[in-house]
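Contents: one structure, followed by commentary.
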Amino acid sequence: MLKKIVTVTIAGILLMGAVIFYFVTFFAYIPFAKFSGFPVPKNAKLVKEKERVDIYDWSKASEENGIPSGYKLVIKSKGWKERS
């Protein structure tokens with residue numbers, strides 16, 4: 001009986017963790033119509049706007065570490081591919 005309770009509790013914690021990860025990751029970005037729905041972080045601040053590019057300031061991105069893995073996942077899940 002105790003083993004069953006522990007198993008259900010662990011499964012519930014893992015499920016809640018997955019749900020929280022999903023909402024935090026996928027609802028933190030909005031599709032930007034100007035650039036064919038490319039996901040932009042909700043809390044990014046627009047610094048400069050040009051015809052073909054917009055420059056944002058976002059505290060979670062840096063030159064040393066790049067963009068967070070959650071953002072990479074969202075970009076990839078929306079069908080965008082990285083090009084060099």
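To be explicit about the labels: the chains of the structure tokens are called A, B, and onward in the order shown, and within each one the residues are counted from 1, while ligands get numbers from 1 in the order they are shown.
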Skip A:Ser36 itself and residues of its chain fewer than 3 positions away, then list as JSON, numbers by chain all residues within 12 Å of it, counting only C-alpha atoms. {"A": [30, 31, 32, 33, 39, 40, 52, 78, 79, 80]}
Written file, previous selection with N, CA, C and O atoms, as an mmCIF file, in the first residue's frame:
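Okay, this is what ended up in result_32.cif:
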```
data_model
loop_
_atom_site.group_PDB
_atom_site.id
_atom_site.type_symbol
_atom_site.label_atom_id
_atom_site.label_comp_id
_atom_site.auth_asym_id
_atom_site.auth_seq_id
_atom_site.Cartn_x
_atom_site.Cartn_y
_atom_site.Cartn_z
ATOM 1 N N ILE A 30 5.431 35.278 -27.671
ATOM 2 C CA ILE A 30 4.296 35.615 -28.525
ATOM 3 C C ILE A 30 4.752 35.591 -29.988
ATOM 4 O O ILE A 30 5.882 35.991 -30.294
ATOM 5 N N PRO A 31 3.909 35.101 -30.892
ATOM 6 C CA PRO A 31 4.280 35.116 -32.312
ATOM 7 C C PRO A 31 4.248 36.549 -32.842
ATOM 8 O O PRO A 31 3.319 37.305 -32.573
ATOM 9 N N PHE A 32 5.274 36.911 -33.574
ATOM 10 C CA PHE A 32 5.401 38.264 -34.098
ATOM 11 C C PHE A 32 4.983 38.258 -35.564
ATOM 12 O O PHE A 32 5.653 37.671 -36.412
ATOM 13 N N ALA A 33 3.864 38.893 -35.872
ATOM 14 C CA ALA A 33 3.278 38.864 -37.216
ATOM 15 C C ALA A 33 4.206 39.458 -38.271
ATOM 16 O O ALA A 33 4.229 38.997 -39.416
ATOM 17 N N PRO A 39 8.600 33.503 -32.720
ATOM 18 C CA PRO A 39 8.292 33.732 -31.307
ATOM 19 C C PRO A 39 9.244 34.747 -30.660
ATOM 20 O O PRO A 39 10.460 34.616 -30.752
ATOM 21 N N VAL A 40 8.674 35.746 -30.010
ATOM 22 C CA VAL A 40 9.443 36.784 -29.329
ATOM 23 C C VAL A 40 9.098 36.726 -27.844
ATOM 24 O O VAL A 40 7.921 36.619 -27.496
ATOM 25 N N ARG A 52 13.602 45.451 -41.922
ATOM 26 C CA ARG A 52 13.813 44.014 -42.021
ATOM 27 C C ARG A 52 14.300 43.363 -40.727
ATOM 28 O O ARG A 52 14.505 42.150 -40.695
ATOM 29 N N LYS A 78 8.099 25.661 -33.342
ATOM 30 C CA LYS A 78 7.291 26.492 -34.230
ATOM 31 C C LYS A 78 7.701 26.356 -35.688
ATOM 32 O O LYS A 78 7.182 27.034 -36.566
ATOM 33 N N GLY A 79 8.682 25.465 -35.964
ATOM 34 C CA GLY A 79 9.070 25.176 -37.337
ATOM 35 C C GLY A 79 10.248 25.966 -37.872
ATOM 36 O O GLY A 79 10.583 25.862 -39.043
ATOM 37 N N TRP A 80 10.908 26.744 -37.025
ATOM 38 C CA TRP A 80 12.055 27.525 -37.460
ATOM 39 C C TRP A 80 13.317 26.681 -37.348
ATOM 40 O O TRP A 80 13.435 25.846 -36.479
#
```
Skip A:Lys60 itself and residues of its chain fewer than 6 positions away, then list as a VMD selection string all residues within 10 Å of it, counting only C-alpha atoms. chain A and resid 41 43 to 44 66 to 68 71
For A:Leu46, find every residue with an atom within 7 Å (counting only C-alpha atoms), except residues of its own chain fewer than 5 positions away, and show them as a list in words. Ile55, Tyr56 and Asp57 of chain A
Please, could you write that set of residues out with N, CA and C atoms as a tab-separated table (two decimals), in the first residue's frame?
```tsv
chain	number	residue	atom	x	y	z
A	55	ILE	N	15.50	44.92	-33.08
A	55	ILE	CA	16.51	44.59	-32.08
A	55	ILE	C	15.87	44.69	-30.70
A	56	TYR	N	16.00	43.62	-29.93
A	56	TYR	CA	15.40	43.55	-28.60
A	56	TYR	C	16.48	43.43	-27.54
A	57	ASP	N	16.15	43.91	-26.35
A	57	ASP	CA	16.98	43.69	-25.17
A	57	ASP	C	16.22	42.71	-24.29
```
DSSP on the backbone, alpha helix (DSSP H) only: what residues of chain A does that give? Format it as a ChimeraX atom specification. /A:2-26,69-77
What does the distance between atom CA of A:Ser59 and atom CA of A:Phe27 come to in Å, to one decimal place?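 Calculated distance between atom CA of A:Ser59 and atom CA of A:Phe27 is 17.4 Å.
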Sel. of strand (DSSP E or B) residues, chain A, as a list in words: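 So the strand (DSSP E or B) residues in chain A would be Tyr29, Ile30, Pro31, Phe32, Phe38, Pro39, Val40, Pro41, Lys45, Leu46, Val47, Lys48, Glu49, Asp54, Ile55, Tyr56, Asp57, Ser62 and Gly66 of chain A.
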Dump all heavy atoms for the selected residues as a compact mmCIF listing (two decimals), in the first residue's frame?
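Done, and the output landed in part_24.txt:
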```
# COMPACT_ATOMS: atom_id res chain seq x y z
N TYR A 29 6.29 33.36 -24.75
CA TYR A 29 6.63 33.94 -26.05
C TYR A 29 5.37 34.22 -26.86
O TYR A 29 4.40 33.49 -26.76
CB TYR A 29 7.55 32.99 -26.83
CG TYR A 29 8.73 32.55 -26.00
CD1 TYR A 29 8.73 31.34 -25.32
CD2 TYR A 29 9.83 33.38 -25.85
CE1 TYR A 29 9.80 30.95 -24.53
CE2 TYR A 29 10.91 33.00 -25.06
CZ TYR A 29 10.88 31.79 -24.41
OH TYR A 29 11.93 31.42 -23.62
N ILE A 30 5.43 35.28 -27.67
CA ILE A 30 4.30 35.62 -28.53
C ILE A 30 4.75 35.59 -29.99
O ILE A 30 5.88 35.99 -30.29
CB ILE A 30 3.71 37.00 -28.17
CG1 ILE A 30 4.78 38.08 -28.16
CG2 ILE A 30 2.97 36.97 -26.86
CD1 ILE A 30 4.26 39.48 -27.97
N PRO A 31 3.91 35.10 -30.89
CA PRO A 31 4.28 35.12 -32.31
C PRO A 31 4.25 36.55 -32.84
O PRO A 31 3.32 37.30 -32.57
CB PRO A 31 3.22 34.25 -32.97
CG PRO A 31 2.09 34.20 -32.01
CD PRO A 31 2.64 34.46 -30.65
N PHE A 32 5.27 36.91 -33.57
CA PHE A 32 5.40 38.26 -34.10
C PHE A 32 4.98 38.26 -35.56
O PHE A 32 5.65 37.67 -36.41
CB PHE A 32 6.84 38.75 -33.92
CG PHE A 32 7.02 40.22 -34.14
CD1 PHE A 32 6.15 41.14 -33.59
CD2 PHE A 32 8.06 40.69 -34.90
CE1 PHE A 32 6.32 42.49 -33.78
CE2 PHE A 32 8.25 42.05 -35.10
CZ PHE A 32 7.38 42.94 -34.54
N PHE A 38 7.44 34.51 -35.90
CA PHE A 38 8.61 34.14 -35.11
C PHE A 38 8.34 34.46 -33.63
O PHE A 38 7.89 35.55 -33.30
CB PHE A 38 9.85 34.89 -35.57
CG PHE A 38 11.12 34.41 -34.93
CD1 PHE A 38 11.76 33.30 -35.41
CD2 PHE A 38 11.64 35.06 -33.82
CE1 PHE A 38 12.93 32.84 -34.81
CE2 PHE A 38 12.79 34.62 -33.21
CZ PHE A 38 13.44 33.50 -33.70
N PRO A 39 8.60 33.50 -32.72
CA PRO A 39 8.29 33.73 -31.31
C PRO A 39 9.24 34.75 -30.66
O PRO A 39 10.46 34.62 -30.75
CB PRO A 39 8.46 32.35 -30.68
CG PRO A 39 9.33 31.59 -31.60
CD PRO A 39 9.11 32.16 -32.96
N VAL A 40 8.67 35.75 -30.01
CA VAL A 40 9.44 36.78 -29.33
C VAL A 40 9.10 36.73 -27.84
O VAL A 40 7.92 36.62 -27.50
CB VAL A 40 9.10 38.18 -29.91
CG1 VAL A 40 9.79 39.28 -29.14
CG2 VAL A 40 9.45 38.25 -31.38
N PRO A 41 10.10 36.78 -26.97
CA PRO A 41 9.81 36.77 -25.53
C PRO A 41 8.90 37.92 -25.12
O PRO A 41 9.08 39.06 -25.58
CB PRO A 41 11.19 36.92 -24.88
CG PRO A 41 12.15 36.47 -25.93
CD PRO A 41 11.54 36.83 -27.24
N LYS A 45 12.39 43.86 -24.49
CA LYS A 45 12.12 45.27 -24.79
C LYS A 45 12.67 45.63 -26.16
O LYS A 45 13.83 45.37 -26.46
CB LYS A 45 12.75 46.16 -23.72
CG LYS A 45 12.11 45.99 -22.36
CD LYS A 45 12.81 46.83 -21.32
CE LYS A 45 12.18 46.71 -19.96
NZ LYS A 45 12.09 45.37 -19.43
N LEU A 46 11.83 46.23 -26.99
CA LEU A 46 12.23 46.65 -28.32
C LEU A 46 13.19 47.83 -28.20
O LEU A 46 12.86 48.86 -27.62
CB LEU A 46 11.01 47.04 -29.15
CG LEU A 46 11.26 47.44 -30.59
CD1 LEU A 46 11.86 46.29 -31.38
CD2 LEU A 46 9.97 47.91 -31.23
N VAL A 47 14.39 47.67 -28.75
CA VAL A 47 15.41 48.72 -28.68
C VAL A 47 15.44 49.53 -29.96
O VAL A 47 15.47 50.76 -29.93
CB VAL A 47 16.81 48.10 -28.42
CG1 VAL A 47 17.89 49.16 -28.45
CG2 VAL A 47 16.82 47.35 -27.10
N LYS A 48 15.42 48.83 -31.10
CA LYS A 48 15.49 49.51 -32.39
C LYS A 48 14.65 48.76 -33.39
O LYS A 48 14.69 47.53 -33.48
CB LYS A 48 16.94 49.59 -32.87
CG LYS A 48 17.12 50.44 -34.12
CD LYS A 48 18.57 50.44 -34.57
CE LYS A 48 19.33 51.48 -33.77
NZ LYS A 48 20.70 51.66 -34.28
N GLU A 49 13.87 49.50 -34.17
CA GLU A 49 12.98 48.89 -35.17
C GLU A 49 13.39 49.37 -36.55
O GLU A 49 13.51 50.57 -36.79
CB GLU A 49 11.53 49.26 -34.88
CG GLU A 49 10.54 48.57 -35.76
CD GLU A 49 9.10 48.87 -35.34
OE1 GLU A 49 8.89 49.66 -34.42
OE2 GLU A 49 8.21 48.31 -35.98
N ASP A 54 14.24 43.79 -36.14
CA ASP A 54 13.96 44.48 -34.89
C ASP A 54 14.98 44.01 -33.87
O ASP A 54 15.30 42.82 -33.79
CB ASP A 54 12.56 44.16 -34.37
CG ASP A 54 11.47 44.85 -35.17
OD1 ASP A 54 11.78 45.71 -36.00
OD2 ASP A 54 10.29 44.52 -34.95
N ILE A 55 15.50 44.92 -33.08
CA ILE A 55 16.51 44.59 -32.08
C ILE A 55 15.87 44.69 -30.70
O ILE A 55 15.27 45.71 -30.37
CB ILE A 55 17.73 45.51 -32.20
CG1 ILE A 55 18.35 45.36 -33.59
CG2 ILE A 55 18.75 45.21 -31.10
CD1 ILE A 55 19.43 46.36 -33.91
N TYR A 56 16.00 43.62 -29.93
CA TYR A 56 15.40 43.55 -28.60
C TYR A 56 16.48 43.43 -27.54
O TYR A 56 17.55 42.88 -27.78
CB TYR A 56 14.48 42.32 -28.50
CG TYR A 56 13.21 42.43 -29.28
CD1 TYR A 56 13.15 42.05 -30.61
CD2 TYR A 56 12.06 42.91 -28.68
CE1 TYR A 56 11.98 42.16 -31.34
CE2 TYR A 56 10.87 43.02 -29.39
CZ TYR A 56 10.85 42.64 -30.71
OH TYR A 56 9.68 42.75 -31.43
N ASP A 57 16.15 43.91 -26.35
CA ASP A 57 16.98 43.69 -25.17
C ASP A 57 16.22 42.71 -24.29
O ASP A 57 15.08 42.96 -23.90
CB ASP A 57 17.22 45.02 -24.42
CG ASP A 57 18.12 44.84 -23.22
OD1 ASP A 57 19.01 43.95 -23.27
OD2 ASP A 57 17.93 45.58 -22.24
N SER A 62 22.43 36.34 -23.66
CA SER A 62 23.72 37.02 -23.52
C SER A 62 24.66 36.59 -24.63
O SER A 62 24.47 35.56 -25.26
CB SER A 62 24.34 36.71 -22.16
OG SER A 62 24.74 35.35 -22.09
N GLY A 66 24.46 32.81 -25.15
CA GLY A 66 23.44 32.71 -26.20
C GLY A 66 22.04 32.82 -25.63
O GLY A 66 21.81 33.49 -24.64
```
